[in-house]
$ cat work-v9.cif   # mmCIF, C-alpha atoms and all ligand atoms
data_work
loop_
_atom_site.label_atom_id
_atom_site.label_comp_id
_atom_site.auth_asym_id
_atom_site.auth_seq_id
_atom_site.Cartn_x
_atom_site.Cartn_y
_atom_site.Cartn_z
CA MET A 157 24.67 -11.83 -3.25
CA SER A 158 23.90 -13.88 -0.17
CA GLN A 159 25.73 -17.12 0.60
CA ARG A 160 24.26 -20.42 1.65
CA ILE A 161 24.77 -21.43 5.28
CA GLU A 162 23.75 -24.56 7.19
CA GLY A 163 22.70 -24.45 10.85
CA PHE A 164 22.68 -20.64 11.15
CA SER A 165 20.14 -20.69 13.98
CA LYS A 166 22.47 -22.93 16.05
CA LEU A 167 25.28 -20.34 16.02
CA THR A 168 25.73 -17.99 18.99
CA LYS A 169 24.65 -14.38 18.55
CA THR A 170 28.28 -13.30 18.15
CA GLU A 171 28.94 -15.99 15.54
CA LYS A 172 25.84 -14.94 13.62
CA ILE A 173 26.93 -11.31 13.64
CA ASP A 174 30.45 -12.24 12.55
CA TRP A 175 29.17 -14.33 9.66
CA ILE A 176 26.64 -11.73 8.53
CA THR A 177 28.97 -8.76 8.69
CA GLN A 178 31.94 -10.55 7.12
CA THR A 179 29.86 -12.05 4.33
CA HIS A 180 27.71 -9.07 3.40
CA PHE A 181 29.40 -5.81 4.35
CA LYS A 182 32.27 -3.86 2.82
CA ASN A 183 33.36 -2.77 6.29
CA PRO A 184 32.46 -5.62 8.70
CA GLU A 185 33.80 -3.81 11.78
CA LYS A 186 31.61 -0.75 11.09
CA ALA A 187 28.57 -2.93 10.42
CA LYS A 188 29.16 -4.82 13.66
CA ALA A 189 29.60 -1.61 15.62
CA LEU A 190 26.21 -0.33 14.49
CA LEU A 191 24.47 -3.53 15.54
CA THR A 192 26.02 -3.40 18.99
CA GLN A 193 25.33 0.32 19.34
CA TYR A 194 21.64 -0.51 19.18
CA TRP A 195 21.84 -3.12 21.97
CA ASN A 196 20.43 -2.25 25.33
CA SER A 197 23.10 -1.93 28.02
CA ASP A 198 20.77 -3.75 30.43
CA THR A 199 21.70 -7.36 29.62
CA ALA A 200 18.50 -8.85 31.03
CA LEU A 201 16.39 -6.50 28.95
CA GLN A 202 18.43 -7.20 25.83
CA ASN A 203 18.12 -10.96 26.41
CA ARG A 204 14.35 -10.53 26.68
CA HIS A 205 14.27 -8.87 23.27
CA ASP A 206 16.69 -11.41 21.81
CA GLU A 207 14.30 -14.19 22.77
CA PHE A 208 11.18 -12.69 21.16
CA ILE A 209 12.23 -14.02 17.74
CA GLU A 210 14.78 -16.32 16.12
CA ASN A 211 18.23 -15.12 14.94
CA THR A 212 18.05 -11.75 16.72
CA LEU A 213 21.06 -9.59 15.96
CA SER A 214 20.03 -6.24 17.40
CA ASN A 215 17.07 -3.92 17.98
CA PHE A 216 15.33 -1.82 15.36
CA TYR A 217 13.91 1.44 16.65
CA ILE A 218 10.60 2.91 15.54
CA SER A 219 9.54 6.09 17.31
CA LEU A 220 6.93 6.05 20.06
CA GLY A 221 4.96 9.29 20.20
CA VAL A 222 1.77 10.30 21.99
CA ALA A 223 -1.39 12.02 20.81
CA PRO A 224 -3.11 13.76 23.76
CA ASN A 225 -6.64 15.19 24.11
CA PHE A 226 -8.63 12.23 22.79
CA LEU A 227 -12.08 12.60 24.33
CA ILE A 228 -13.69 9.17 23.94
CA ASN A 229 -17.11 8.49 25.46
CA GLY A 230 -16.55 11.42 27.81
CA ALA A 231 -13.14 10.27 29.11
CA LEU A 232 -9.79 11.80 28.12
CA TYR A 233 -6.98 9.64 26.76
CA THR A 234 -3.44 10.20 25.58
CA LEU A 235 -2.84 7.62 22.88
CA PRO A 236 0.59 6.03 22.44
CA MET A 237 1.51 5.72 18.76
CA VAL A 238 4.36 3.74 17.23
CA THR A 239 5.00 4.74 13.64
CA GLU A 240 7.75 5.59 11.18
CA GLU A 241 5.57 8.11 9.27
CA SER A 242 6.42 11.65 10.34
CA SER A 243 2.97 13.26 10.07
CA VAL A 244 0.82 10.58 11.73
CA VAL A 245 1.05 11.64 15.38
CA ALA A 246 0.65 15.33 14.54
CA ALA A 247 -2.43 14.54 12.44
CA ALA A 248 -4.00 12.44 15.21
CA SER A 249 -3.27 15.15 17.79
CA ASN A 250 -4.81 17.86 15.60
CA ALA A 251 -7.96 15.86 14.97
CA ALA A 252 -8.24 14.96 18.67
CA LYS A 253 -8.01 18.66 19.59
CA PHE A 254 -10.52 19.61 16.89
CA TRP A 255 -13.12 17.16 18.22
CA LEU A 256 -12.32 17.86 21.89
CA SER A 257 -14.35 21.05 21.73
CA ARG A 258 -17.08 19.42 19.62
CA GLY A 259 -18.17 16.55 21.88
CA GLY A 260 -15.30 14.12 21.22
CA PHE A 261 -15.59 10.57 19.87
CA GLN A 262 -18.44 8.22 20.66
CA THR A 263 -17.52 4.53 20.39
CA GLN A 264 -19.36 1.27 20.83
CA ILE A 265 -18.64 -2.44 20.61
CA ILE A 266 -20.97 -4.14 18.16
CA ASN A 267 -19.77 -7.70 18.80
CA THR A 268 -16.68 -9.69 19.78
CA PHE A 269 -16.97 -13.08 18.07
CA LYS A 270 -13.76 -14.57 16.68
CA VAL A 271 -13.62 -17.36 14.15
CA GLY A 272 -11.74 -20.65 13.83
CA GLN A 273 -12.08 -23.31 11.17
CA ILE A 274 -11.22 -26.97 10.69
CA HIS A 275 -10.87 -27.64 6.98
CA PHE A 276 -11.39 -31.28 6.06
CA LEU A 277 -12.25 -33.64 3.23
CA PHE A 278 -15.02 -36.23 3.38
CA GLU A 279 -15.57 -38.63 0.53
CA GLY A 280 -18.84 -40.20 1.66
CA ASP A 281 -22.51 -39.25 1.64
CA PRO A 282 -23.09 -35.67 2.96
CA GLN A 283 -26.13 -36.83 4.95
CA VAL A 284 -24.02 -39.43 6.73
CA LEU A 285 -21.51 -36.71 7.60
CA ASN A 286 -24.31 -34.52 8.90
CA ALA A 287 -25.62 -37.30 11.12
CA PHE A 288 -22.07 -38.03 12.34
CA PHE A 289 -21.58 -34.35 13.24
CA GLU A 290 -24.90 -34.05 15.10
CA LYS A 291 -24.22 -37.26 17.03
CA ASN A 292 -20.68 -36.24 18.04
CA LYS A 293 -21.02 -32.46 18.43
CA ALA A 294 -21.07 -32.62 22.24
CA ALA A 295 -18.07 -34.96 22.35
CA LEU A 296 -16.11 -32.69 20.03
CA LEU A 297 -16.75 -29.71 22.27
CA GLU A 298 -16.01 -31.71 25.43
CA SER A 299 -12.60 -32.67 24.09
CA THR A 300 -11.46 -29.08 24.79
CA LEU A 301 -12.71 -28.96 28.38
CA ALA A 302 -9.31 -29.66 29.95
CA PHE A 303 -7.85 -26.35 28.82
CA ALA A 304 -10.99 -24.32 28.02
CA GLN A 305 -12.08 -24.04 31.70
CA ASN A 306 -9.89 -21.07 32.37
CA MET A 307 -11.20 -19.15 29.37
CA LYS A 308 -14.77 -20.09 30.32
CA ALA A 309 -14.23 -18.68 33.81
CA ARG A 310 -13.16 -15.39 32.15
CA GLY A 311 -16.40 -15.27 30.18
CA GLY A 312 -15.00 -16.74 26.95
CA GLY A 313 -14.84 -20.07 25.19
CA ILE A 314 -16.47 -21.72 22.20
CA GLN A 315 -19.77 -20.04 21.36
CA SER A 316 -20.92 -22.17 18.44
CA ILE A 317 -19.82 -24.94 16.11
CA ALA A 318 -21.32 -25.63 12.70
CA LEU A 319 -20.67 -28.07 9.88
CA ARG A 320 -20.41 -26.27 6.54
CA ASP A 321 -20.62 -27.96 3.17
CA LYS A 322 -18.04 -26.33 0.89
CA THR A 323 -18.11 -28.93 -1.88
CA ALA A 324 -19.21 -26.26 -4.36
CA LEU A 325 -15.74 -24.71 -3.91
CA MET A 326 -13.71 -27.93 -4.04
CA PRO A 327 -14.67 -31.62 -4.23
CA HIS A 328 -15.20 -33.26 -0.79
CA TYR A 329 -14.37 -30.01 1.08
CA TYR A 330 -16.17 -29.35 4.39
CA GLN A 331 -15.50 -27.15 7.39
CA LEU A 332 -16.23 -27.03 11.05
CA HIS A 333 -16.79 -23.30 11.54
CA LEU A 334 -16.52 -22.17 15.15
CA HIS A 335 -17.22 -18.90 16.92
CA PHE A 336 -15.19 -18.01 20.00
CA LYS A 337 -15.09 -15.34 22.66
CA THR A 338 -11.66 -14.84 24.16
CA ALA A 339 -12.23 -12.16 26.84
CA ASP A 340 -9.20 -9.83 27.03
CA ALA A 341 -6.90 -12.13 25.05
CA MET A 342 -6.46 -11.86 21.30
CA GLY A 343 -6.99 -15.59 21.63
CA ALA A 344 -4.97 -17.02 18.73
CA ASN A 345 -3.32 -19.70 20.88
CA PHE A 346 -6.55 -20.60 22.63
CA ILE A 347 -8.49 -20.83 19.37
CA ASN A 348 -5.82 -22.85 17.57
CA SER A 349 -5.45 -25.27 20.51
CA CYS A 350 -9.23 -25.80 20.60
CA LEU A 351 -9.31 -26.40 16.85
CA GLU A 352 -6.43 -28.88 16.81
CA THR A 353 -7.91 -30.81 19.75
CA ILE A 354 -11.34 -30.98 18.10
CA ALA A 355 -9.77 -31.98 14.76
CA THR A 356 -7.89 -34.88 16.37
CA GLU A 357 -11.04 -35.99 18.22
CA MET A 358 -13.07 -35.79 15.01
CA GLU A 359 -10.56 -37.92 13.08
CA GLN A 360 -10.51 -40.52 15.84
CA LEU A 361 -14.33 -40.68 16.03
CA ALA A 362 -14.54 -40.86 12.24
CA GLU A 363 -12.07 -43.73 12.09
CA LYS A 364 -14.29 -45.76 14.45
CA GLU A 365 -17.49 -44.75 12.67
CA PHE A 366 -16.53 -45.04 9.02
CA LYS A 367 -13.87 -47.78 9.24
CA SER A 368 -12.07 -46.71 6.05
CA LYS A 369 -10.33 -43.27 6.09
CA GLU A 370 -13.20 -41.34 4.56
CA LEU A 371 -12.61 -38.22 6.63
CA GLU A 372 -9.28 -36.40 6.49
CA VAL A 373 -8.40 -33.15 8.19
CA VAL A 374 -6.40 -30.75 5.99
CA MET A 375 -5.74 -28.00 8.57
CA SER A 376 -7.08 -26.24 11.63
CA ILE A 377 -6.54 -22.52 12.10
CA LEU A 378 -8.21 -19.36 13.32
CA SER A 379 -9.41 -16.88 10.69
CA ASN A 380 -8.15 -13.31 10.75
CA TYR A 381 -11.39 -12.33 9.03
CA VAL A 382 -13.56 -11.27 11.97
CA PRO A 383 -16.68 -9.55 10.57
CA ASP A 384 -18.46 -10.27 13.88
CA CYS A 385 -15.79 -8.69 16.05
CA LEU A 386 -16.76 -5.11 15.33
CA VAL A 387 -16.30 -1.71 16.86
CA ARG A 388 -17.69 1.64 15.76
CA ALA A 389 -16.43 5.19 16.35
CA ALA A 390 -18.39 8.30 15.47
CA VAL A 391 -18.15 12.08 15.66
CA GLN A 392 -20.84 14.64 15.05
CA CYS A 393 -21.34 18.37 15.40
CA PRO A 394 -23.48 21.13 13.95
CA VAL A 395 -22.29 21.96 10.42
CA SER A 396 -22.01 25.59 11.50
CA GLU A 397 -19.30 24.60 14.05
CA LEU A 398 -17.22 22.66 11.56
CA SER A 399 -15.23 25.47 9.96
CA PRO A 400 -11.64 24.11 9.84
CA GLU A 401 -9.72 27.30 9.08
CA LYS A 402 -9.99 30.84 7.78
CA GLY A 403 -11.81 31.21 4.50
CA TRP A 404 -13.97 28.12 4.93
CA THR A 405 -17.58 27.97 6.03
CA GLY A 406 -18.61 24.90 7.99
CA GLU A 407 -21.09 24.05 5.26
CA ALA A 408 -18.54 24.14 2.44
CA PHE A 409 -16.11 22.05 4.48
CA ALA A 410 -18.76 19.49 5.50
CA ASN A 411 -19.86 19.10 1.87
CA LYS A 412 -16.28 18.56 0.72
CA ILE A 413 -15.68 15.86 3.35
CA VAL A 414 -18.90 14.10 2.38
CA GLU A 415 -17.86 14.25 -1.30
CA ALA A 416 -14.39 12.91 -0.48
CA VAL A 417 -15.87 9.96 1.46
CA THR A 418 -18.39 9.30 -1.31
CA ILE A 419 -15.53 9.05 -3.81
CA ALA A 420 -13.77 6.56 -1.51
CA LYS A 421 -17.04 4.60 -1.18
CA LYS A 422 -17.36 4.25 -4.93
CA GLU A 423 -13.81 4.15 -6.28
CA PRO A 424 -11.38 1.39 -5.19
CA TYR A 425 -8.13 3.25 -6.04
CA ARG A 426 -9.18 6.06 -3.75
CA ALA A 427 -10.71 3.67 -1.18
CA VAL A 428 -7.38 1.88 -0.66
CA THR A 429 -5.54 5.15 0.12
CA HIS A 430 -8.45 6.43 2.21
CA ASN A 431 -8.35 3.24 4.30
CA LYS A 432 -4.56 3.34 4.47
CA GLY A 433 -4.95 6.71 6.16
CA ILE A 434 -7.34 5.16 8.68
CA MET A 435 -4.85 2.37 9.36
CA ASN A 436 -2.09 4.95 9.99
CA GLY A 437 -3.86 5.64 13.26
CA VAL A 438 -5.03 2.12 14.04
CA ASP A 439 -1.69 0.40 13.36
CA ALA A 440 0.26 2.92 15.44
CA LEU A 441 -1.83 2.00 18.48
CA ILE A 442 -1.86 -1.70 17.59
CA LEU A 443 1.96 -1.70 17.51
CA ALA A 444 2.23 0.33 20.72
CA THR A 445 0.09 -2.22 22.55
CA GLY A 446 1.93 -5.29 21.23
CA ASN A 447 -0.92 -6.48 19.03
CA ASP A 448 -0.62 -8.22 15.66
CA PHE A 449 -0.94 -5.52 13.00
CA ARG A 450 -0.72 -8.05 10.12
CA ALA A 451 -3.77 -9.88 11.44
CA VAL A 452 -5.63 -6.59 11.85
CA GLU A 453 -4.63 -5.32 8.40
CA ALA A 454 -5.68 -8.56 6.68
CA GLY A 455 -9.03 -8.62 8.47
CA VAL A 456 -9.80 -4.94 7.96
CA HIS A 457 -9.16 -4.97 4.21
CA ALA A 458 -11.16 -8.18 3.76
CA TYR A 459 -14.01 -6.43 5.58
CA ALA A 460 -13.67 -3.42 3.27
CA ALA A 461 -14.29 -5.78 0.33
CA LYS A 462 -17.08 -7.82 1.93
CA GLU A 463 -19.72 -6.70 -0.60
CA GLY A 464 -17.55 -7.76 -3.55
CA GLN A 465 -15.95 -4.37 -4.20
CA TYR A 466 -13.28 -2.72 -2.07
CA THR A 467 -14.76 0.38 -0.45
CA SER A 468 -14.28 3.02 2.23
CA LEU A 469 -14.42 1.85 5.84
CA SER A 470 -15.78 5.20 6.97
CA GLU A 471 -18.99 7.08 6.22
CA ALA A 472 -19.82 10.78 6.30
CA TRP A 473 -23.15 12.51 5.94
CA ILE A 474 -25.08 15.65 6.82
CA LYS A 475 -28.53 15.40 8.37
CA GLU A 476 -30.70 18.11 9.87
CA GLY A 477 -27.82 20.54 10.17
CA LEU A 478 -25.48 18.01 11.79
CA PHE A 479 -22.27 16.69 10.24
CA HIS A 480 -21.64 12.98 11.00
CA MET A 481 -18.61 10.82 10.42
CA GLU A 482 -18.42 7.16 11.41
CA LEU A 483 -15.92 4.30 11.17
CA THR A 484 -16.67 0.59 11.65
CA LEU A 485 -13.75 -1.82 11.97
CA PRO A 486 -13.30 -5.52 12.62
CA LEU A 487 -10.60 -5.72 15.30
CA ALA A 488 -9.50 -8.85 17.17
CA LEU A 489 -7.24 -7.45 19.89
CA GLY A 490 -5.77 -8.48 23.21
CA THR A 491 -4.61 -6.69 26.33
CA VAL A 492 -3.43 -9.85 28.12
CA GLY A 493 -1.19 -12.64 26.84
CA GLY A 494 1.20 -12.34 23.91
CA LEU A 495 3.79 -9.60 24.39
CA THR A 496 1.66 -7.62 26.85
CA LYS A 497 3.49 -8.80 30.00
CA LEU A 498 6.84 -9.34 28.30
CA HIS A 499 7.59 -6.13 26.42
CA PRO A 500 8.26 -3.35 28.95
CA MET A 501 7.20 -0.62 26.50
CA VAL A 502 3.95 -2.41 25.74
CA GLN A 503 3.25 -2.54 29.47
CA TRP A 504 4.08 1.16 29.72
CA ASN A 505 1.72 2.01 26.88
CA LEU A 506 -1.08 -0.09 28.37
CA GLU A 507 -0.64 1.68 31.71
CA LEU A 508 -0.78 5.04 29.89
CA LEU A 509 -4.18 3.92 28.59
CA GLY A 510 -5.32 2.90 32.08
CA ASN A 511 -4.78 -0.84 31.45
CA PRO A 512 -7.79 -1.17 29.15
CA SER A 513 -9.82 -4.28 28.47
CA ALA A 514 -9.61 -5.66 24.92
CA GLU A 515 -13.02 -4.08 24.20
CA LYS A 516 -11.82 -0.69 25.41
CA LEU A 517 -8.68 -0.99 23.28
CA MET A 518 -10.84 -1.76 20.23
CA GLN A 519 -12.71 1.47 20.89
CA LEU A 520 -9.52 3.52 21.28
CA CYS A 521 -8.19 2.10 18.00
CA ALA A 522 -11.42 2.95 16.18
CA ALA A 523 -11.25 6.52 17.51
CA ALA A 524 -7.60 6.79 16.41
CA GLY A 525 -8.57 5.52 12.95
CA LEU A 526 -11.44 7.97 12.61
CA ALA A 527 -9.26 10.86 13.85
CA GLN A 528 -6.61 10.00 11.30
CA ASN A 529 -9.18 9.74 8.51
CA PHE A 530 -10.70 13.09 9.43
CA ALA A 531 -7.26 14.73 9.62
CA ALA A 532 -6.25 13.37 6.21
CA LEU A 533 -9.50 14.46 4.54
CA ARG A 534 -9.34 17.85 6.22
CA SER A 535 -5.91 18.47 4.67
CA LEU A 536 -6.80 16.91 1.34
CA VAL A 537 -9.91 19.00 0.75
CA THR A 538 -8.43 22.27 2.05
CA SER A 539 -4.69 23.03 1.80
CA GLY A 540 -3.64 19.70 0.26
CA ILE A 541 -1.66 16.99 2.01
CA GLN A 542 1.88 18.14 1.22
CA LYS A 543 1.87 21.30 3.33
CA GLY A 544 1.48 19.48 6.64
CA HIS A 545 3.30 16.40 5.49
CA MET A 546 6.43 18.24 4.35
CA LYS A 547 6.39 20.38 7.49
CA MET A 548 6.61 17.19 9.55
CA HIS A 549 9.13 15.74 7.14
CA LEU A 550 11.38 18.81 7.42
CA LEU A 551 13.42 17.39 10.31
CA ASN A 552 13.99 14.16 8.37
CA ILE A 553 15.25 16.17 5.40
CA LEU A 554 17.50 18.30 7.62
CA ASN A 555 18.95 15.19 9.25
CA GLN A 556 19.41 13.54 5.87
CA LEU A 557 21.36 16.60 4.69
CA GLY A 558 23.50 16.61 7.85
CA ALA A 559 22.23 19.92 9.27
CA THR A 560 23.69 21.14 12.59
CA ALA A 561 21.51 22.05 15.58
CA ASN A 562 21.77 25.77 14.74
CA GLN A 563 20.91 25.19 11.09
CA LYS A 564 17.90 23.12 12.11
CA GLU A 565 16.61 25.87 14.36
CA ALA A 566 17.02 28.45 11.61
CA ALA A 567 15.40 26.17 9.02
CA LEU A 568 12.40 25.40 11.25
CA ASP A 569 11.83 29.11 11.57
CA TYR A 570 12.38 29.91 7.89
CA PHE A 571 10.12 27.13 6.61
CA LYS A 572 7.18 28.31 8.70
CA LYS A 573 6.60 30.70 5.84
CA HIS A 574 8.19 28.86 2.90
CA THR A 575 7.33 25.69 1.02
CA VAL A 576 9.35 22.66 2.11
CA SER A 577 11.08 20.48 -0.49
CA VAL A 578 14.39 18.63 -0.46
CA GLN A 579 15.69 21.13 -2.98
CA ALA A 580 14.54 24.18 -1.02
CA VAL A 581 16.03 22.85 2.22
CA GLY A 582 19.31 22.04 0.41
CA ALA A 583 19.45 25.57 -1.00
CA PHE A 584 18.67 27.05 2.42
CA LEU A 585 21.52 25.13 4.06
CA LYS A 586 23.94 26.04 1.26
CA ASN A 587 23.02 29.67 1.71
CA LYS A 588 23.63 29.44 5.46
CA ASN A 589 27.10 28.02 4.85
CA THR A 590 28.18 30.73 2.46
C1 LIG A 601 -0.78 9.05 4.01
O1 LIG A 601 -0.05 8.18 4.83
C2 LIG A 601 -2.26 8.83 4.20
C3 LIG A 601 -3.16 9.60 3.25
O2 LIG A 601 -2.80 9.32 1.90
C4 LIG A 601 -4.58 9.15 3.53
C5 LIG A 601 -5.63 9.67 2.55
O3 LIG A 601 -5.26 9.96 1.39
O4 LIG A 601 -6.79 9.71 2.95
C6 LIG A 601 -3.02 11.09 3.45
#

$ encode --input "work-v9.cif" --output "structure tokens"
Amino acid sequence: MSQRIEGFSKLTKTEKIDWITQTHFKNPEKAKALLTQYWNSDTALQNRHDEFIENTLSNFYISLGVAPNFLINGALYTLPMVTEESSVVAAASNAAKFWLSRGGFQTQIINTFKVGQIHFLFEGDPQVLNAFFEKNKAALLESTLAFAQNMKARGGGIQSIALRDKTALMPHYYQLHLHFKTADAMGANFINSCLETIATEMEQLAEKEFKSKELEVVMSILSNYVPDCLVRAAVQCPVSELSPEKGWTGEAFANKIVEAVTIAKKEPYRAVTHNKGIMNGVDALILATGNDFRAVEAGVHAYAAKEGQYTSLSEAWIKEGLFHMELTLPLALGTVGGLTKLHPMVQWNLELLGNPSAEKLMQLCAAAGLAQNFAALRSLVTSGIQKGHMKMHLLNILNQLGATANQKEAALDYFKKHTVSVQAVGAFLKNKNT
């Protein structure tokens, strides 16, 4: 049971650790030692990490791996992937290698509009509000000029502003719905600053115009639903070249993949897991590049349900002897701003990718998502998912069971030919000890 504490955030880091470990742990000294073991010995670097969030106590590692051999629009990439799931990097690498000799991934940006909204209530005549909006539209936009210049110079800024009547959803509810371009920034701060400035200006103009307080802003915030910030990745090859492993013809395999995607298109339970597999690849790259995976997840799943039923984000079909697979994702990403200059590992990962623009990063993420989807379906429709998954999980099991370096080596060899399970690994280790 936790205890109540006042002013926790005002305590020093040491005081916070003392309070936490003494209040919540059976062995406070041991708990404290683990926290400090995970600190970086470089004080400046540790301070940097401490300041990213409030109440930092230590660091929490998640592995950074790389998936090489991604051929994307004719150029080769090694993708950095941050993930806790043991089979993700191996799956991406396998799919990248598979498509390397079959033309690689083709990607394209469809659009890069981001969205921000000012939600407000207006109690008067809708036509009067319309006239007020048309009269003041230019002034509302001009109110952002002081800080929007920089973004404009980089090719971004507000692209459109529209008044939307939402009174069918809630009495007196209207929106200003804005489209933005934010160049290589994810743009959350820019968008929210524009919205709050415009909202204040609108309230002030309304006060003069309507005298009584007929117009009231509820909130101003970007939307993480970005159906006009879209990227597409595709692979294709002759069906005859698709054979994944011994015993499979390309045709049988292609048909199975198409059937698996069709099931995910039509059946929400399957679609959610299918899309989760896609996001295994996307999120790993999003995390590695310091982007906001919660924003991406929320937007992607909303997009998957845009027709009213949750469905697969990818498509697969066979036409004139060619197998096609395609993935379209809404991704609002940044390669400048945010953590990109502050987190040394994010900088390292961006350099590994050749310091991509935001558009290029969208394309790399879409390719990673499609690779992951293909790898998952390939396992699912052939050997089943557990074979590869448990192989990758073997080291986790061995570590969990306290295996020595020698035992691990022997187990890795033995389980090349035997089925991995916690029980089987336990029995193997017991056998080795006796
Ligand atoms: C596991 O993390 C992801 C899969 O379940 C995806 C899928 O089922 O398509 C293997």

$ residues_near_ligand --input "work-v9.cif" --ligand "ligand LIG 601 (chain A)" --cutoff "10 Å" --atoms "all atoms listed in the file" --output "JSON, numbers by chain"
{"A": [241, 242, 243, 244, 247, 416, 417, 420, 426, 427, 428, 429, 430, 431, 432, 433, 434, 435, 436, 437, 528, 529, 530, 531, 532, 533, 534, 535, 536, 540, 541, 542, 545]}

$ atom_distance --input "work-v9.cif" --atom1 "atom CA of A:Asn306" --atom2 "atom CA of A:Lys270"
17.4 Å

$ closest_residue --input "work-v9.cif" --among "A:Leu190, A:Ala522, A:Val373, A:Leu487" --to "A:Ser214" --atoms "all atoms listed in the file"
A:Leu190

$ closest_residue --input "work-v9.cif" --among "A:Leu509, A:Ile377, A:Ala458, A:Ala527" --to "A:His275" --atoms "all atoms listed in the file"
A:Ile377

$ axis_aligned_box --input "work-v9.cif" --around "stretch 305-308 of chain A" --padding-each-side "3 Å" --output "JSON"
{"center_x": -12.3, "center_y": -21.6, "center_z": 30.9, "size_x": 10.9, "size_y": 10.9, "size_z": 9.0}

$ atom_distance --input "work-v9.cif" --atom1 "atom CA of A:His457" --atom2 "atom CA of A:Ile419"
17.4 Å

$ closest_residue --input "work-v9.cif" --among "A:Lys475, A:Lys367, A:Lys188, A:Arg388" --to "A:Ala523" --atoms "all atoms listed in the file"
A:Arg388

$ residues_around --input "work-v9.cif" --residues "A:Leu167" --least-positions-apart "5" --cutoff "12 Å" --atoms "all atoms listed in the file" --output "list of chain:residue names"
A:Ile161, A:Glu162, A:Lys172, A:Ile173, A:Asp174, A:Trp175, A:Ile176, A:Glu210, A:Asn211, A:Thr212, A:Leu213

$ atom_distance --input "work-v9.cif" --atom1 "atom CA of A:Asp321" --atom2 "atom CA of A:Gly272"
15.7 Å

$ residues_around --input "work-v9.cif" --residues "A:Met237" --least-positions-apart "3" --cutoff "6 Å" --atoms "only C-alpha atoms" --output "list in words"
Leu220, Gly221, Val222, Ala440, Leu441 and Ala444 of chain A

$ closest_residue --input "work-v9.cif" --among "A:Thr445, A:Thr239, A:Asn250, A:Thr538" --to "A:Pro224" --atoms "only C-alpha atoms"
A:Asn250

$ residues_around --input "work-v9.cif" --residues "A:Leu508" --least-positions-apart "5" --cutoff "10 Å" --atoms "all atoms listed in the file" --output "PyMOL selection string"
chain A and resi 222+233-236+502-503

$ residues_around --input "work-v9.cif" --residues "A:Gly280" --least-positions-apart "5" --cutoff "10 Å" --atoms "all atoms listed in the file" --output "PyMOL selection string"
chain A and resi 285+328+366+370-371

$ closest_residue --input "work-v9.cif" --among "A:Ala362, A:Met342, A:Gly510, A:Leu296" --to "A:Asp448" --atoms "all atoms listed in the file"
A:Met342
